[in-house]
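What follows is a set of notes on a single structure, which appears directly below.
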Amino acid sequence: MEMKILKYLMTLLLMAVVVSVAAQTQNVRTMHKVEKSETVFGIAKKYGITIEDLIAVNPEMKQQGYELKAGDTLCIPYAKNQTPQSQTTAPVTNTVNKTNPTTAPLTTNKNVKVGVLLPLHDNDGDGSRMVEYYRGLLLGADRVKKDGINVDMHAWNVPIDADINVTLKEKDAAECDIIFGPLYTKMVKPLADFCAKNNIMMVIPFSISGNDVENYNNLFQVYQPQLDFDTQTIKNFIQWFNKDYHVVIIDCEDENSGKADFTKKLRTELENYAIKYSLTSLKTNEKTFAKAFSLQQKNVVVLNTEHSPSLNATLAKLNVLTEKNADISVSMFGYKEWLMYTKVYRDYYFKYDTYIPTYFYYNDLSADTKWVERNYHKWFEKDMDADALPRFALTGFDHACFFIGGLVQFGDGFNGGKGQMTYKPVQSPLKFKKAGKGYKNTNFMFVHYKNDRTIESVNY
């Protein structure tokens with residue numbers, strides 16, 4: 001699928017999804033590569049359409065100063081008296097031994113039909129975020145072309161008040177190999193039943209409640225509940241900051257933070273593993289604050305809040321402490337919310353050898369990140385939402401590459417686990433483990449800002 005096809009599809013979809021919950025289908029008849037000396041009039045005449053029809057599906061032609069050039073690729077719509085035909089793709093064949101998926105042979109079918117059932121509209125934040133995510137899926141679908149994979153993508157607008165069962169009656173839905181969605185918990189079971197019946201891989205990309213994943217063997221749940229994530233964080237904290245470290249927990253007296261429960265559980269585990277720690281407060285004087293730190297061991301500082309005002313106050317106290325006590329070694333252990341503050345605090349993260357537990361990492365300095373962002377702007381003539389973290393389009397890009405590539409390579413034996421993680425993510429790594437019948441994402445990492453001003457990802 002050429003880039004202009006996807007660009008046109010996105011334009012068509014965004015126009016249509018606001019109107020109804022009907023299936024979004026491809027109205028492109030074919031693509032035409034412009035030859036030398038061809039004209040807009042001649043191309044329209046050749047395909048039996050009007051110039052207005054041609055311009056309508058090629059928005060760039062409306063731009064001031066546009067010139068038709070040899071080598072350009074134009075979308076050719078159906079004439080008004082023709083009926084658009086949806087493209088169909090044979091499902092991936094089930095040739096993989098599920099008992100040993102990591103050593104299974106590659107499938108020979110590289111045609112994948114993808115469905116997207118998400119709120120794709122501009123009525124609220126859910127819609128705008130899912131539109132950006134969907135655009136990332138389109139970019140990812142174009143990227144896997146380089147691996148010889150052909151993607152036929154269909155999308156449906158499924159807002160919060162939609163009856164998903166109506167959408168699932170669309171003829172293209174049952175022919176999908178993968179479906180991304182839904183966004184809302186109430187829609188999970190009917191979609192999961194539908195996918196199970198039609199042997200479709202189902203990917204739930206964002207937050208939902210409930211545990212339907214345990215009841216369906218073709219369901220992949222990307223979202224990690226906060227409780228599960230906190231459990232992983234504490235487990236890996238204990239492994240990393242063992243008896244070589246002295247832990248300093250700072251009470252920030254932030255009544256609006258939800259991290260007090262996390263630090264309470266952390267203290268319990270530290271005691272279980274006989275790892276020393278001390279308690280102090282932002283309100284203590286300089287001398288008392290210093291007594292909480294060890295001169296013999298490395299110190300790792302943990303705050304009981306994720307909020308930036310307390311981080312500011314902590315950094316101020318640490319600056320005074322380390323300036324007056326050169327022998328004190330300090331690292332900081334933060335929260336994934338701190339990644340929102342990276343541009344402001346990056347230098348301090350490096351200075352204090354900071355570790356941030358997370359399941360994603362938006363690295364604005366990465367060449368891969370810049371490549372996706374550049375192409376996003378080129379395709380959709382706007383930037384990603386700079387206030388969103390993680391970036392929704394980057395998430396969609398990673399999901400498309402991971403799941404489409406995995407399905408083609410491993411067929412029905414794809415489980416997204418160790419040995420099958422062949423895709424290098426831009427922002428959102430994935431690693432799945434069996435959860436009942438289905439699969440839950442358990443990806444976890446420490447983003448480590450080192451003193452030498454390099455950044456490493458410690459993956460578990």
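Every chain in the structure tokens has a letter given in the order shown (A, B, ...), and although residue numbers restart at 1 in each chain, ligands are simply numbered from 1 in the order shown.
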Using only C-alpha atoms, tabulate the residues of segment 220-309 of chain A lying at most 12 Å from any atom of segment 391-407 of chain A, each with its closest atom pair and that distance in Å to one decimal, by chain and increasing residue number, as a Markdown table.
```
| residue | atom | partner | partner_atom | distance |
| --- | --- | --- | --- | --- |
| A:Phe220 | CA | A:Phe403 | CA | 9.7 |
| A:Gln221 | CA | A:His399 | CA | 11.7 |
| A:Val222 | CA | A:His399 | CA | 9.3 |
| A:Tyr223 | CA | A:Thr395 | CA | 11.7 |
```
Using only C-alpha atoms, find each residue of segment 333-386 of chain A with at least one atom at most 10 Å away from an atom of segment 424-431 of chain A; report its shortest atom-to-atom pair and that distance in Å (one decimal), sort the rows by chain and rising residue number, and return the result as CSV.
```
residue,atom,partner,partner_atom,distance
A:Thr358,CA,A:Ser428,CA,9.8
A:Tyr359,CA,A:Ser428,CA,6.9
A:Phe360,CA,A:Ser428,CA,4.6
A:Tyr361,CA,A:Gln427,CA,5.1
A:Tyr362,CA,A:Gln427,CA,5.3
A:Asn363,CA,A:Gln427,CA,7.3
A:Asp364,CA,A:Gln427,CA,9.9
A:Ser366,CA,A:Val426,CA,8.3
A:Ala367,CA,A:Val426,CA,9.3
A:Asp368,CA,A:Val426,CA,6.1
A:Thr369,CA,A:Val426,CA,6.0
A:Lys370,CA,A:Val426,CA,9.7
A:Trp371,CA,A:Val426,CA,9.8
A:Val372,CA,A:Val426,CA,8.5
```
Please return, as a PyMOL selection string, all residues of segment 207-403 of chain A that DSSP assigns to alpha helix (DSSP H) on the basis of the backbone. chain A and resi 226-240+260-272+286-291+308-324+342-351+367-380+392-403
Name the residues in contact with Met130 of chain A at a cut-off of 9 Å, using only C-alpha atoms, excluding same-chain residues fewer than 6 positions from it; report them as a PyMOL selection string. chain A and resi 118-121+183+392-393
Tell me, in Å to one decimal, how far atom CA of Asp251 of chain A is from atom CA of Thr268 of chain A.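 Atom-to-atom, atom CA of Asp251 of chain A to atom CA of Thr268 of chain A, that is 16.0 Å.
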Hey, what's within 10 Å of segment 348-350 of chain A if we count only C-alpha atoms and toss same-chain stuff fewer than 5 positions away? As a PyMOL selection string, please? chain A and resi 315+319+331-334+338+342+355-356+448-455
Go ahead and save the picked residues with N, CA and C atoms, as a PDB file, in the first residue's frame.
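Output contents, as saved in selection-v9.pdb:
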```pdb
ATOM      1  N   LEU A 315      15.462  18.430  45.105  1.00  0.00           N
ATOM      2  CA  LEU A 315      16.692  18.770  44.380  1.00  0.00           C
ATOM      3  C   LEU A 315      17.434  19.900  45.065  1.00  0.00           C
ATOM      4  N   ASN A 319      21.189  19.438  46.424  1.00  0.00           N
ATOM      5  CA  ASN A 319      22.275  20.312  45.966  1.00  0.00           C
ATOM      6  C   ASN A 319      23.105  20.815  47.132  1.00  0.00           C
ATOM      7  N   SER A 331      21.996   8.686  44.268  1.00  0.00           N
ATOM      8  CA  SER A 331      21.178   8.367  43.094  1.00  0.00           C
ATOM      9  C   SER A 331      19.726   8.663  43.456  1.00  0.00           C
ATOM     10  N   MET A 332      18.919   8.882  42.438  1.00  0.00           N
ATOM     11  CA  MET A 332      17.491   9.101  42.679  1.00  0.00           C
ATOM     12  C   MET A 332      16.674   8.018  41.979  1.00  0.00           C
ATOM     13  N   PHE A 333      15.576   7.654  42.628  1.00  0.00           N
ATOM     14  CA  PHE A 333      14.640   6.695  42.051  1.00  0.00           C
ATOM     15  C   PHE A 333      13.299   7.396  41.927  1.00  0.00           C
ATOM     16  N   GLY A 334      12.816   7.543  40.671  1.00  0.00           N
ATOM     17  CA  GLY A 334      11.622   8.345  40.443  1.00  0.00           C
ATOM     18  C   GLY A 334      10.405   7.545  40.054  1.00  0.00           C
ATOM     19  N   TRP A 338       7.644  11.353  36.084  1.00  0.00           N
ATOM     20  CA  TRP A 338       8.786  12.262  35.955  1.00  0.00           C
ATOM     21  C   TRP A 338       9.242  12.414  34.506  1.00  0.00           C
ATOM     22  N   THR A 342      11.015  15.795  31.695  1.00  0.00           N
ATOM     23  CA  THR A 342      12.383  15.541  31.243  1.00  0.00           C
ATOM     24  C   THR A 342      13.084  16.792  30.727  1.00  0.00           C
ATOM     25  N   TYR A 355      17.107   6.819  38.167  1.00  0.00           N
ATOM     26  CA  TYR A 355      16.415   5.654  37.619  1.00  0.00           C
ATOM     27  C   TYR A 355      14.911   5.929  37.638  1.00  0.00           C
ATOM     28  N   ILE A 356      14.257   5.708  36.484  1.00  0.00           N
ATOM     29  CA  ILE A 356      12.814   5.905  36.413  1.00  0.00           C
ATOM     30  C   ILE A 356      12.168   4.613  35.919  1.00  0.00           C
ATOM     31  N   HIS A 448      17.634   4.831  32.815  1.00  0.00           N
ATOM     32  CA  HIS A 448      18.734   5.240  33.688  1.00  0.00           C
ATOM     33  C   HIS A 448      19.483   6.415  33.070  1.00  0.00           C
ATOM     34  N   TYR A 449      19.395   7.573  33.722  1.00  0.00           N
ATOM     35  CA  TYR A 449      20.147   8.762  33.317  1.00  0.00           C
ATOM     36  C   TYR A 449      21.475   8.741  34.068  1.00  0.00           C
ATOM     37  N   LYS A 450      22.545   8.400  33.351  1.00  0.00           N
ATOM     38  CA  LYS A 450      23.839   8.172  33.994  1.00  0.00           C
ATOM     39  C   LYS A 450      24.627   9.466  34.169  1.00  0.00           C
ATOM     40  N   ASN A 451      25.558   9.427  35.111  1.00  0.00           N
ATOM     41  CA  ASN A 451      26.384  10.606  35.393  1.00  0.00           C
ATOM     42  C   ASN A 451      27.172  11.085  34.186  1.00  0.00           C
ATOM     43  N   ASP A 452      27.493  10.179  33.261  1.00  0.00           N
ATOM     44  CA  ASP A 452      28.278  10.569  32.087  1.00  0.00           C
ATOM     45  C   ASP A 452      27.386  11.145  30.981  1.00  0.00           C
ATOM     46  N   ARG A 453      26.134  11.457  31.334  1.00  0.00           N
ATOM     47  CA  ARG A 453      25.166  12.073  30.432  1.00  0.00           C
ATOM     48  C   ARG A 453      24.764  11.154  29.274  1.00  0.00           C
ATOM     49  N   THR A 454      24.790   9.871  29.514  1.00  0.00           N
ATOM     50  CA  THR A 454      24.222   8.906  28.586  1.00  0.00           C
ATOM     51  C   THR A 454      22.983   8.301  29.236  1.00  0.00           C
ATOM     52  N   ILE A 455      22.135   7.721  28.417  1.00  0.00           N
ATOM     53  CA  ILE A 455      20.892   7.129  28.901  1.00  0.00           C
ATOM     54  C   ILE A 455      20.869   5.658  28.505  1.00  0.00           C
TER      55      ILE A 455
END
```
Given only C-alpha atoms as the counted atoms, nearest of A:Asp152, A:Asp212, A:Asp147, A:Asp172 to Thr185 of chain A: A:Asp212
Identify, with DSSP run on backbone atoms, the residues in segment 253-384 of chain A assigned to strand (DSSP E), and express the list as a VMD selection string. chain A and resid 277 to 281 298 to 303 330 to 333 354 to 358
Take the residues just selected and output them with C-alpha atoms as a CSV table (one decimal), in the first residue's frame.
```csv
chain,number,residue,atom,x,y,z
A,277,TYR,CA,16.8,2.4,54.8
A,278,SER,CA,16.2,5.6,56.6
A,279,LEU,CA,13.4,8.1,56.7
A,280,THR,CA,13.6,11.8,56.5
A,281,SER,CA,11.4,14.8,55.5
A,298,LYS,CA,25.7,4.6,47.7
A,299,ASN,CA,22.5,6.3,48.6
A,300,VAL,CA,19.3,6.0,46.5
A,301,VAL,CA,16.6,8.5,47.3
A,302,VAL,CA,12.9,7.7,47.0
A,303,LEU,CA,10.2,10.3,47.3
A,330,VAL,CA,23.4,10.0,45.6
A,331,SER,CA,21.2,8.4,43.1
A,332,MET,CA,17.5,9.1,42.7
A,333,PHE,CA,14.6,6.7,42.1
A,354,THR,CA,18.4,8.8,38.2
A,355,TYR,CA,16.4,5.7,37.6
A,356,ILE,CA,12.8,5.9,36.4
A,357,PRO,CA,10.6,2.8,36.3
A,358,THR,CA,8.4,2.7,33.3
```
Spatial neighbours of segment 415-420 of chain A, 10 Å, only C-alpha atoms, chain gap at least 3 places, as a PyMOL selection string: chain A and resi 98+101-103+217-220+402-403+406-407+409-412+423+430-434+438-443
